[in-house]
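A quick write-up on the structure given underneath.
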Amino acid sequence: MIEIDWAGEAGRLRASAEGETDWNAAVARSLVRDGDRVVADVGCGGGGMAKALAEALPGATVVAIDADPDVLEQAREHTAGLVRCELASMDDGAEPLRRAIGAPADLIWASASVHHAADQQAAVEALASLLAPGGRLALAEGGLPARHLPWDLGIGEPGLELRLDLAQDRWFKVMRESLPGSVPMPYGWTEALTRAGLTEATTRSVLTETPPPLPPERLEAVVRAFQTRIERLTGAGEGHGHGHGQSHGHGHGHVVPDQEWLTSEDLDTWRQLLDPDGPHYLGRRSDLAVLSVRSIHLGHAPR
């Protein structure tokens with residue numbers, strides 16, 4: 001069974017919010033309308049998109065909602081009074097979210113949060129029910145696996161990052177099955193939006209790229225993200241709050257220690273790549289990049 005330790009993830013989610021300012025701002029500008037007055041970010045994490053929405057819509061009410069108080073506190077600090085922060089869980093249905101928002105929403109954003117609901121279709125329907133006539137629900141879910149590493153690193157078998165993605169995909173399957181009352185959703189997100197009564201359901205994907213050599217702070221973030229992913233798959237972070245997105249991968253949490261997601265050979269390679277004192281440390285390479293494609297699924301409430 002996989003457990004999610006969101007409190008332990010609060011700092012990482014805050015760092016993600018700070019590191020993705022440009023992406024959040026561009027997406028927020030593409031989603032908002034001049035007449036929007038109430039906007040909500042459900043499962044707000046570090047508050048990056050909530051802050052971007054508030055900056056794109058001066059004068060509007062923007063509500064950042066999360067189920068974990070430690071995560072919400074990081075969002076409160078990051079948004080610095082631009083948004084209203086509310087504690088509520090999608091697991092409890094629409095009513096707590098409705099009370100948190102306080103009025104029908106013109107736009108609801110939910111990034112890498114619905115896939116943590118046991119019944120994803122029910123969660124989409126709950127979010128859709130919070131919309132004002134003509135309002136929009138935007139779900140940021142899926143896309144393509146991000147790419148950072150050369151195929152051949154000169155250590156271990158080539159294709160290391162591909163195998164990590166496959167391991168994480170298996171992890172995600174077990175995470176979904178571990179949720180109490182888990183319900184399969186054997187169709188795509190636009191179909192889920194349509195089944196929730198929304199119209200004009202569409203998907204667009206946003207590509208972002210930073211070529212090598214990465215700036216020092218970006219390189220550090222990439223290495224830290226790999227460290228988090230390996231800890232997640234090995235259970236190495238248990239007891240230290242390590243475990244989820246979004247960053248934009250599948251959730252983060254603890255794993256049972258007897259579950260083997262990676263071969264011993266690949267694990268040894270990752271240990272060498274992530275050892276700051278070793279000769280193969282990723283943080284000293286000049287050929288790492290960031291290539292990311294994230295999908296946004298948008299549906300409209302009938303007028």
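Chains: A, B, ... in order of the structure tokens. Residues: from 1 per chain. Ligands: from 1, in order shown.
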Identify all residues of stretch 12-208 of chain A in strand (DSSP E) (DSSP on the backbone) and supply them as a VMD selection string.
chain A and resid 38 to 42 61 to 66 84 to 87 105 to 111 131 to 147 199 to 208
Counting only C-alpha atoms, which residues of stretch 88-159 of chain A fall within 12 Å of stretch 23-28 of chain A, and what is the closest atom pair for each with its distance in Å at one decimal, ordered by chain and rising number, as JSON lines?
```
{"residue": "A:Leu107", "atom": "CA", "partner": "A:Ala28", "partner_atom": "CA", "distance": 10.4}
{"residue": "A:Ile108", "atom": "CA", "partner": "A:Ala28", "partner_atom": "CA", "distance": 11.2}
{"residue": "A:Trp109", "atom": "CA", "partner": "A:Ala28", "partner_atom": "CA", "distance": 9.4}
{"residue": "A:Ser111", "atom": "CA", "partner": "A:Asn24", "partner_atom": "CA", "distance": 11.0}
{"residue": "A:Ala138", "atom": "CA", "partner": "A:Ala28", "partner_atom": "CA", "distance": 10.5}
{"residue": "A:Leu139", "atom": "CA", "partner": "A:Val27", "partner_atom": "CA", "distance": 11.9}
{"residue": "A:Ala140", "atom": "CA", "partner": "A:Val27", "partner_atom": "CA", "distance": 10.5}
```
Would you export the selected residues with C-alpha atoms as a PDB file, in the first residue's frame, please?
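again-v3.pdb was written with the following content:
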```pdb
ATOM      1  CA  LEU A 107     -13.054  29.289 -13.387  1.00  0.00           C
ATOM      2  CA  ILE A 108     -11.805  26.304 -11.421  1.00  0.00           C
ATOM      3  CA  TRP A 109      -8.248  25.046 -11.836  1.00  0.00           C
ATOM      4  CA  SER A 111      -3.676  20.446 -11.294  1.00  0.00           C
ATOM      5  CA  ALA A 138      -9.551  23.250 -16.228  1.00  0.00           C
ATOM      6  CA  LEU A 139      -7.835  20.007 -15.236  1.00  0.00           C
ATOM      7  CA  ALA A 140      -4.071  19.757 -15.597  1.00  0.00           C
TER       8      ALA A 140
END
```
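Pairwise distance (atom CA of A:Leu207, atom CA of A:Gly142) equals 12.5 Å.
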Compile the contact shell of A:Gly45 as a ChimeraX atom specification: residues with an atom at most 7 Å away, counting only C-alpha atoms, same-chain residues fewer than 2 positions apart removed.
/A:13,43,47,66,71-72,75
Residues just named, written with N, CA, C and O atoms as an mmCIF file, in the first residue's frame:
```cif
data_model
loop_
_atom_site.group_PDB
_atom_site.id
_atom_site.type_symbol
_atom_site.label_atom_id
_atom_site.label_comp_id
_atom_site.auth_asym_id
_atom_site.auth_seq_id
_atom_site.Cartn_x
_atom_site.Cartn_y
_atom_site.Cartn_z
ATOM 1 N N LEU A 13 6.490 21.401 -2.647
ATOM 2 C CA LEU A 13 5.434 22.035 -3.431
ATOM 3 C C LEU A 13 5.619 23.547 -3.482
ATOM 4 O O LEU A 13 5.351 24.184 -4.504
ATOM 5 N N GLY A 43 -6.795 21.965 -4.714
ATOM 6 C CA GLY A 43 -5.567 21.198 -4.623
ATOM 7 C C GLY A 43 -4.408 22.085 -5.021
ATOM 8 O O GLY A 43 -3.603 21.770 -5.892
ATOM 9 N N GLY A 47 0.655 26.998 -4.215
ATOM 10 C CA GLY A 47 -0.041 28.247 -4.519
ATOM 11 C C GLY A 47 0.455 28.965 -5.755
ATOM 12 O O GLY A 47 0.083 30.123 -5.979
ATOM 13 N N ASP A 66 -6.756 23.622 -0.313
ATOM 14 C CA ASP A 66 -5.999 22.389 -0.185
ATOM 15 C C ASP A 66 -6.471 21.642 1.049
ATOM 16 O O ASP A 66 -7.016 22.248 1.992
ATOM 17 N N VAL A 71 0.556 22.230 3.737
ATOM 18 C CA VAL A 71 0.635 22.655 2.336
ATOM 19 C C VAL A 71 -0.044 24.007 2.166
ATOM 20 O O VAL A 71 0.478 24.920 1.504
ATOM 21 N N LEU A 72 -1.213 24.166 2.787
ATOM 22 C CA LEU A 72 -1.950 25.418 2.655
ATOM 23 C C LEU A 72 -1.170 26.584 3.261
ATOM 24 O O LEU A 72 -1.217 27.708 2.739
ATOM 25 N N ALA A 75 1.213 27.743 0.736
ATOM 26 C CA ALA A 75 0.502 28.521 -0.291
ATOM 27 C C ALA A 75 0.171 29.915 0.229
ATOM 28 O O ALA A 75 0.280 30.903 -0.510
#
```
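If only C-alpha atoms are the atoms counted, then among A:Leu198, A:Val39, A:Val290, A:Leu298 the closest residue to A:Glu55 is A:Val39.
The shortest atom-to-atom distance to A:Gly299, with only C-alpha atoms taken into account, belongs to A:Gly134 out of A:Gly143, A:Gly283, A:Gly134, A:Gly181.
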Skipping near chain neighbours, those fewer than 4 positions away, what residues fall within 9 Å of A:His300 using only C-alpha atoms, listed as a list in words?
Ala128, Leu131, Pro133, Gly134, Gly135, Arg136, Leu137, Leu193, Gly197, Leu198, Thr199, Glu200 and Ala201 of chain A
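Distances from A:Leu160, A:Val42, A:Ser182, A:Leu57 to A:Val114 were compared using only C-alpha atoms, and the smallest one belongs to A:Val42.
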Distance table requested - stretch 80-185 of chain A against stretch 209-231 of chain A, cut-off 10 Å, only C-alpha atoms: one row per qualifying residue with the closest atom pair and its distance in Å to one decimal, ordered by chain and rising residue number, as CSV.
```
residue,atom,partner,partner_atom,distance
A:Ala146,CA,A:Glu209,CA,9.8
A:Arg147,CA,A:Glu209,CA,9.5
A:His148,CA,A:Val222,CA,7.7
A:Leu149,CA,A:Val222,CA,9.9
A:Glu161,CA,A:Phe226,CA,9.6
A:Leu164,CA,A:Ile230,CA,8.5
A:Asp165,CA,A:Arg229,CA,9.7
A:Gln168,CA,A:Arg229,CA,8.1
```
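With only C-alpha atoms as the atoms that count, the minimum distance from A:Gly35 to the choices A:Asp106, A:Asp91, A:Glu141, A:Ala80 is reached by A:Asp106.
Proximity to A:Arg37 at 12 Å, evaluated using only C-alpha atoms and with sequence-adjacent residues fewer than 3 positions away removed, yields Val32, Arg33, Asp34, Ala40, Leu53, Ala54, Ala56, Leu57, Pro58, Gly59, Ala60, Thr61, Val62, Val63, Ile101, Gly102, Ala103, Pro104, Ala105, Asp106, Leu107, Ile108, Leu131, Ala132 and Gly135 of chain A.
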Which residue gives the smallest distance to A:Pro186 among A:Asp119, A:Asp36, A:Glu95, A:Asp169, with only C-alpha atoms counted?
A:Asp119
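If you measure from each of A:Val174, A:Ala167, A:Leu144, A:Leu130 to A:Thr234 using only C-alpha atoms, the closest one turns out to be A:Ala167.
Put simply, atom CA of A:His115 is 14.1 Å away from atom CA of A:Thr190.
Summary of the local environment: counting only C-alpha atoms, residues at most 9 Å from A:Thr269, other than itself and those fewer than 6 positions away along its chain, are Ile155, Gly156, Glu157 and Leu160 of chain A.
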Could you save the residues just selected, with C-alpha atoms, as a compact mmCIF listing (two decimals), in the first residue's frame?
```
# COMPACT_ATOMS: atom_id res chain seq x y z
CA ILE A 155 27.39 5.00 -16.55
CA GLY A 156 24.91 2.14 -16.28
CA GLU A 157 22.69 0.94 -19.11
CA LEU A 160 17.94 5.12 -17.53
```
Contact residues around A:Val183 with only C-alpha atoms at 9 Å, ignoring same-chain residues under 6 positions, as a PyMOL selection string:
chain A and resi 118-121+176-177
re atom CA of A:Asp68 and atom CA of A:Thr21: distance 22.2 Å
